[in-house]
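The block underneath contains the structure these notes are about, expressed in structure tokens.
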Amino acid sequence: MTKTLPSIAKIFFIFLIFSAWGFSQSAEDIVDDYSDYTEAPREVAYAHLNKSTYVEGEMLGFTAYIFDKFTKEPAKMTKNLYCTISDEEGNVLKKKLLRVKDAVTSNIFEIDSSLATGTYTFKAYTNWMKNFRESNHYEQTFKVIDADNLQEIKPIKPEDINIDLQILGEGGRISYNLNNVVGIIAKNQFGLGISGVSGRIVDANNSIVSDFKLNEVGLAKTILNPDPKEKYFVEIDVLDKVIKKEIKDIKPMGLSMTLNALNNSATIKIEANDLFYEKFGDQILKLALHDGSEIKITEFQLNEDGSIIFNYPIKELFSGINIFTVFTEDNKPLLERLHFNKNGIDMAKIEKVEVKKKKDSLDINLKLNSFNFSKWSNVSISVLPSATKSYNHHNNLLSQLYIQPYVNGFIENASQYFTNTRESSYNLDLLLLTQGWSSYNWNDVFNYNDQFIYPFERGIDIVGNINGDNPGTYVIYPMQNSSTRLFDIKEGEKVFTVKETYPMDKDMLQVGYIDLKNKGFTKKAALSAQYFPSAFPDFDKTYKTPTEVFSSQMPSLKDIKLDKSWLRGEVLDEVTIEGENDYTRAEELKNKVVNSRVAIPDDRIKLRNLRLDIYLQRLGFVTQFDYFSGTLSINNPRVNWGTTVPLVYLDNALLTSPGSVSDFSVLTFIFMQDVDYIEYELYGVGGGIRGNAGFIKIFTSPEFKLKRSGQEVQTYEIPLAFSENKEFYVPTYGLYNSPFFNEYGTIDWTPNATINNDGTIDLSVLNTKNDIKLFVEGIVNDNNFVSQTITVELQD
């Protein structure tokens, strides 16, 4: 190869927060387009499922998290998480809308008769994720076993295995007349790697060019310098036969990219063959390094031998994923290589485990190596027999947050990559070598349109569209997760919005109306309601996780009886207990308040059909109702200075501000049979700066909204509601010493473990006389990740 051009290696670094001064216009274009594309925040979902194989009658327990993709911190924008279970054809069989608080939520799915023996997929996603091509959602396949029909389970036999063999050049291409590092991928039809198999690359004459051995997830790499006059094949020896595939799409003109990671740096070598050098050797090429948030650009020209080497010290690499892309002078991407930098990822660890036997239970104490009680934490723990075959999740929290969103494929057995060993680092780099191009499509980056069709969702917004000209006060009655809300509508106004509501499955929207034109009398509200969102959104993105399969015959369940745990609490007969409990409840409420009083109306008060404002006079307040205007005023006669109007709350909604013209007419249609209790204070203690005239907090009875007459309250069905936070029940097994329980049983599930001030976690689980495994996932101290499997051996 004859090359006369001088060696030039102009290295510049561009961070998005700095100016791109000094670069050619095309380099600025990359930075500007990338900055626009990554400016909008991304969310990443992760869900910790308690198992991956379930028996009918069990519960699928899960804890889900939403993270900011760039900062890796808990995401605080979205409050709505959609979770689904679908069959192998993609049909959604179960779904739940969950409320996310502090970036985490937990719930259960019942493994009932609607899920027959087979394989299913769990997905968790937000509406905002639908705006982006990258797969930032979470998905995991799981198996279901119908214990009454184990004979229907047909385990996969070796002869049923089909193998998909793929060959990929490092950087995404293989070129003639270059030393290409090539990755080999061998997987079965279920997406699982063929492990420990030997193979080789041969030419058309079956001469061995190079050889390799697949690792435990079916990956390997070797060297290939192809001659354009030859054909090449990859072979592996498996199941007493040879699987062979031709290597196609070798480029006549091209570059190769080789990445070598040392302890403190990463070295990139780029090399061109003769045809590429003849065409592009005098051009200024570019090497971009980004992590989905920031970007660095290096402009370069190939050396006289058609190659160039870059060295990136670890301090110049991003923590986590690093994506290297080579561009032509006119910004066409040629090669791309992913690299992972473990430096800077904050890990927490359970460093001490103590177990005490206590009758039929085990008291387990777990000690974290670092913990700050003032910072946000959440940890979930699945407890299973140590011989379990029912926990085969491919992504853990770390891989889901740091790797999965950046690749186009899926990650098998991801937990292995986050141990601090040379082997795990080698296997992780091999995984990324064989991924090819990242999930960031440069065509999308260069043609980005910042039109976000799918907004962040924070609950459900309800829009009331008023029919006709009906000024007055519209009362939105409380639901399980909301207090009373009042909307004062003036002449000519046609709409009001109830922001961020969280209606539950059994909630109804109930609206009352106080007619100002008719002296404050109440009547049915004349309006129509709209809901945003109003329907469960479809989600078609997938990264096709490996399918859970039955690889062996199930152990016998002949003598095992498993109760349907999800029926608990729903099959009890109604029991009525008579007794005087008003005093006990009054004492309980009074113990919860400070510097105030509690009044609980007894049955005599409720039966007299006494209006609320009249009852307030008995508590020491002065009320006056004007029948001509329909207005109600409330004053505190004990006040010697400032306003005499107390703060008045209805189901935690403040009705008026002190010092303003007081109109509490909304209270005139509430009678004492509608009131649960009233908390009040007469001397301005505990009401804050604005509460010198005391306060009145009125809490209506749970039956209040059901007791309103149809003439006074308009009721609307809510098309989309949040699922109740159901409790996880551990199933009861007839035998705990059977092979089936040891392999597929459940001992316990803790979705939100309590962490004590000293960084310890206390668990109490049933002692099944088996050694156990704890599968721990979570986050502590805001940004320290926990992902750990702990085996507990019980001493006799």
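All residue names refer to the structure tokens as shown: chains lettered A, B, ... in order, residues numbered from 1 in each chain, ligands numbered from 1 in order.
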For Lys143 of chain A, find every residue with an atom within 6 Å (counting only C-alpha atoms), except residues of its own chain fewer than 6 positions away, and show them as a ChimeraX atom specification.
/A:53,118-119
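Nearest to Phe410 of chain A of all the residues A:Glu139, A:Asp676, A:Glu793, A:Asp771 is A:Glu139, based on only C-alpha atoms.
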Among the residues of segment 395-494 of chain A, find those DSSP assigns to helix (DSSP H, G or I) from the backbone and print them as a PyMOL selection string.
chain A and resi 397-402+404-406+414-418+422-433+442-446
Would you mind listing what lies within 7 Å of segment 110-115 of chain A as a CSV table (one decimal) with N, CA and C atoms, in the first residue's frame, with only C-alpha atoms counted and same-chain residues fewer than 5 positions away left out?
```csv
chain,number,residue,atom,x,y,z
A,56,GLU,N,-50.5,-22.0,38.9
A,56,GLU,CA,-51.9,-21.4,39.0
A,56,GLU,C,-52.3,-21.3,40.5
A,57,GLY,N,-52.7,-20.2,40.9
A,57,GLY,CA,-53.1,-20.0,42.3
A,57,GLY,C,-52.1,-19.1,43.1
A,58,GLU,N,-50.9,-18.9,42.5
A,58,GLU,CA,-49.9,-18.0,43.1
A,58,GLU,C,-50.2,-16.6,42.6
A,59,MET,N,-49.4,-15.7,43.2
A,59,MET,CA,-49.4,-14.3,42.7
A,59,MET,C,-48.1,-13.9,42.1
A,60,LEU,N,-48.1,-13.1,41.1
A,60,LEU,CA,-46.9,-12.5,40.5
A,60,LEU,C,-46.8,-11.1,41.2
A,144,VAL,N,-46.1,-20.2,33.2
A,144,VAL,CA,-47.2,-20.5,34.1
A,144,VAL,C,-47.4,-22.0,34.0
A,566,TRP,N,-54.8,-15.5,45.9
A,566,TRP,CA,-55.3,-14.2,45.5
A,566,TRP,C,-56.8,-14.1,45.8
```
With a distance cut-off of 7 Å and only C-alpha atoms, select the neighbouring residues of Glu271 of chain A, excluding the residue or stretch itself and same-chain residues fewer than 6 positions from it, and output the selection as a ChimeraX atom specification.
/A:255-257,306-308
Restrict the calculation to only C-alpha atoms, then for each residue of segment 126-149 of chain A with any atom at most 12 Å from an atom of segment 458-469 of chain A give the closest atom pair and their distance in Å to one decimal, rows by chain and rising residue number, as JSON lines.
```
{"residue": "A:Thr126", "atom": "CA", "partner": "A:Arg458", "partner_atom": "CA", "distance": 10.6}
{"residue": "A:Asn127", "atom": "CA", "partner": "A:Arg458", "partner_atom": "CA", "distance": 10.4}
{"residue": "A:Trp128", "atom": "CA", "partner": "A:Arg458", "partner_atom": "CA", "distance": 11.0}
```
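Distances to Tyr716 of chain A were evaluated for A:Asn91, A:Gln530, A:Asn595, A:Ser764 using only C-alpha atoms, and the minimum falls at A:Gln530.
Residues in contact with segment 612-626 of chain A at 7 Å, where only C-alpha atoms are counted and same-chain residues fewer than 3 positions away are skipped, are listed as Ser629, Gly630, Thr631, Leu632, Ser633, Ile634, Asn635, Asn636, Pro637, Leu667, Thr668, Ile670, Phe671 and Met672 of chain A.
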Since we have the selection now, will you write its residues out, keeping N, CA, C and O atoms, as an mmCIF file, in the first residue's frame?
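Listing of selection14.cif after writing:
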```
data_model
loop_
_atom_site.group_PDB
_atom_site.id
_atom_site.type_symbol
_atom_site.label_atom_id
_atom_site.label_comp_id
_atom_site.auth_asym_id
_atom_site.auth_seq_id
_atom_site.Cartn_x
_atom_site.Cartn_y
_atom_site.Cartn_z
ATOM 1 N N SER A 629 -79.662 35.585 49.497
ATOM 2 C CA SER A 629 -78.487 35.483 48.614
ATOM 3 C C SER A 629 -77.932 34.073 48.547
ATOM 4 O O SER A 629 -77.137 33.748 47.669
ATOM 5 N N GLY A 630 -78.323 33.220 49.500
ATOM 6 C CA GLY A 630 -77.813 31.853 49.545
ATOM 7 C C GLY A 630 -76.399 31.751 50.069
ATOM 8 O O GLY A 630 -75.746 30.732 49.867
ATOM 9 N N THR A 631 -75.895 32.783 50.748
ATOM 10 C CA THR A 631 -74.517 32.766 51.243
ATOM 11 C C THR A 631 -74.493 32.405 52.724
ATOM 12 O O THR A 631 -75.455 32.634 53.463
ATOM 13 N N LEU A 632 -73.339 31.859 53.131
ATOM 14 C CA LEU A 632 -73.130 31.474 54.520
ATOM 15 C C LEU A 632 -71.815 32.074 54.995
ATOM 16 O O LEU A 632 -70.795 31.979 54.319
ATOM 17 N N SER A 633 -71.831 32.699 56.175
ATOM 18 C CA SER A 633 -70.611 33.231 56.772
ATOM 19 C C SER A 633 -70.333 32.493 58.068
ATOM 20 O O SER A 633 -71.247 32.030 58.757
ATOM 21 N N ILE A 634 -69.034 32.371 58.409
ATOM 22 C CA ILE A 634 -68.608 31.730 59.653
ATOM 23 C C ILE A 634 -67.586 32.634 60.310
ATOM 24 O O ILE A 634 -66.631 33.089 59.654
ATOM 25 N N ASN A 635 -67.747 32.898 61.609
ATOM 26 C CA ASN A 635 -66.815 33.748 62.337
ATOM 27 C C ASN A 635 -66.495 33.122 63.686
ATOM 28 O O ASN A 635 -67.277 32.332 64.234
ATOM 29 N N ASN A 636 -65.345 33.514 64.214
ATOM 30 C CA ASN A 636 -64.910 33.062 65.536
ATOM 31 C C ASN A 636 -64.989 34.243 66.498
ATOM 32 O O ASN A 636 -64.193 35.185 66.399
ATOM 33 N N PRO A 637 -65.925 34.251 67.443
ATOM 34 C CA PRO A 637 -66.112 35.410 68.327
ATOM 35 C C PRO A 637 -64.981 35.597 69.336
ATOM 36 O O PRO A 637 -64.931 36.628 70.005
ATOM 37 N N LEU A 667 -71.339 24.563 52.180
ATOM 38 C CA LEU A 667 -71.603 23.749 53.364
ATOM 39 C C LEU A 667 -73.087 23.648 53.690
ATOM 40 O O LEU A 667 -73.481 22.815 54.505
ATOM 41 N N THR A 668 -73.913 24.495 53.071
ATOM 42 C CA THR A 668 -75.322 24.530 53.450
ATOM 43 C C THR A 668 -76.104 23.305 52.990
ATOM 44 O O THR A 668 -77.211 23.061 53.465
ATOM 45 N N ILE A 670 -74.785 20.275 53.267
ATOM 46 C CA ILE A 670 -74.237 19.139 54.004
ATOM 47 C C ILE A 670 -74.949 19.051 55.346
ATOM 48 O O ILE A 670 -75.013 20.038 56.094
ATOM 49 N N PHE A 671 -75.490 17.893 55.635
ATOM 50 C CA PHE A 671 -76.174 17.660 56.895
ATOM 51 C C PHE A 671 -75.331 16.734 57.759
ATOM 52 O O PHE A 671 -74.414 16.064 57.276
ATOM 53 N N MET A 672 -75.649 16.690 59.037
ATOM 54 C CA MET A 672 -74.784 15.993 59.974
ATOM 55 C C MET A 672 -74.726 14.488 59.734
ATOM 56 O O MET A 672 -73.754 13.841 60.122
#
```
Looking only at strand (DSSP E or B) from DSSP on the backbone, list the matching residues of segment 39-265 of chain A as a PyMOL selection string.
chain A and resi 43-49+53-55+59-68+74+80-86+92-99+101+104-110+118-125+138-145+163-169+175+180-188+193+198-203+208-213+219-224+232-238+241-246+251+255-261+265
Taking 3 positions as the minimum chain separation for residues in the same chain, which residues sit within 8 Å of Lys94 of chain A when counting only C-alpha atoms? Answer as a ChimeraX atom specification.
/A:84-86,109
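Going from atom CA of Lys79 of chain A to atom CA of Leu98 of chain A covers 8.1 Å.
Note that the spacing between atom CA of Leu192 of chain A and atom CA of Thr421 of chain A amounts to 23.3 Å.
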Pick out the closest residue to Asn273 of chain A from this set: A:Glu216, A:Asp305, A:Glu294, A:Glu491. Count only C-alpha atoms.
A:Asp305
Interatomic distance between atom CA of Asp274 of chain A and atom CA of Gly254 of chain A?
8.6 Å
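If you measure from each of A:Thr750, A:Asn767, A:Asn783, A:Gln301 to Glu329 of chain A using only C-alpha atoms, the closest one turns out to be A:Gln301.
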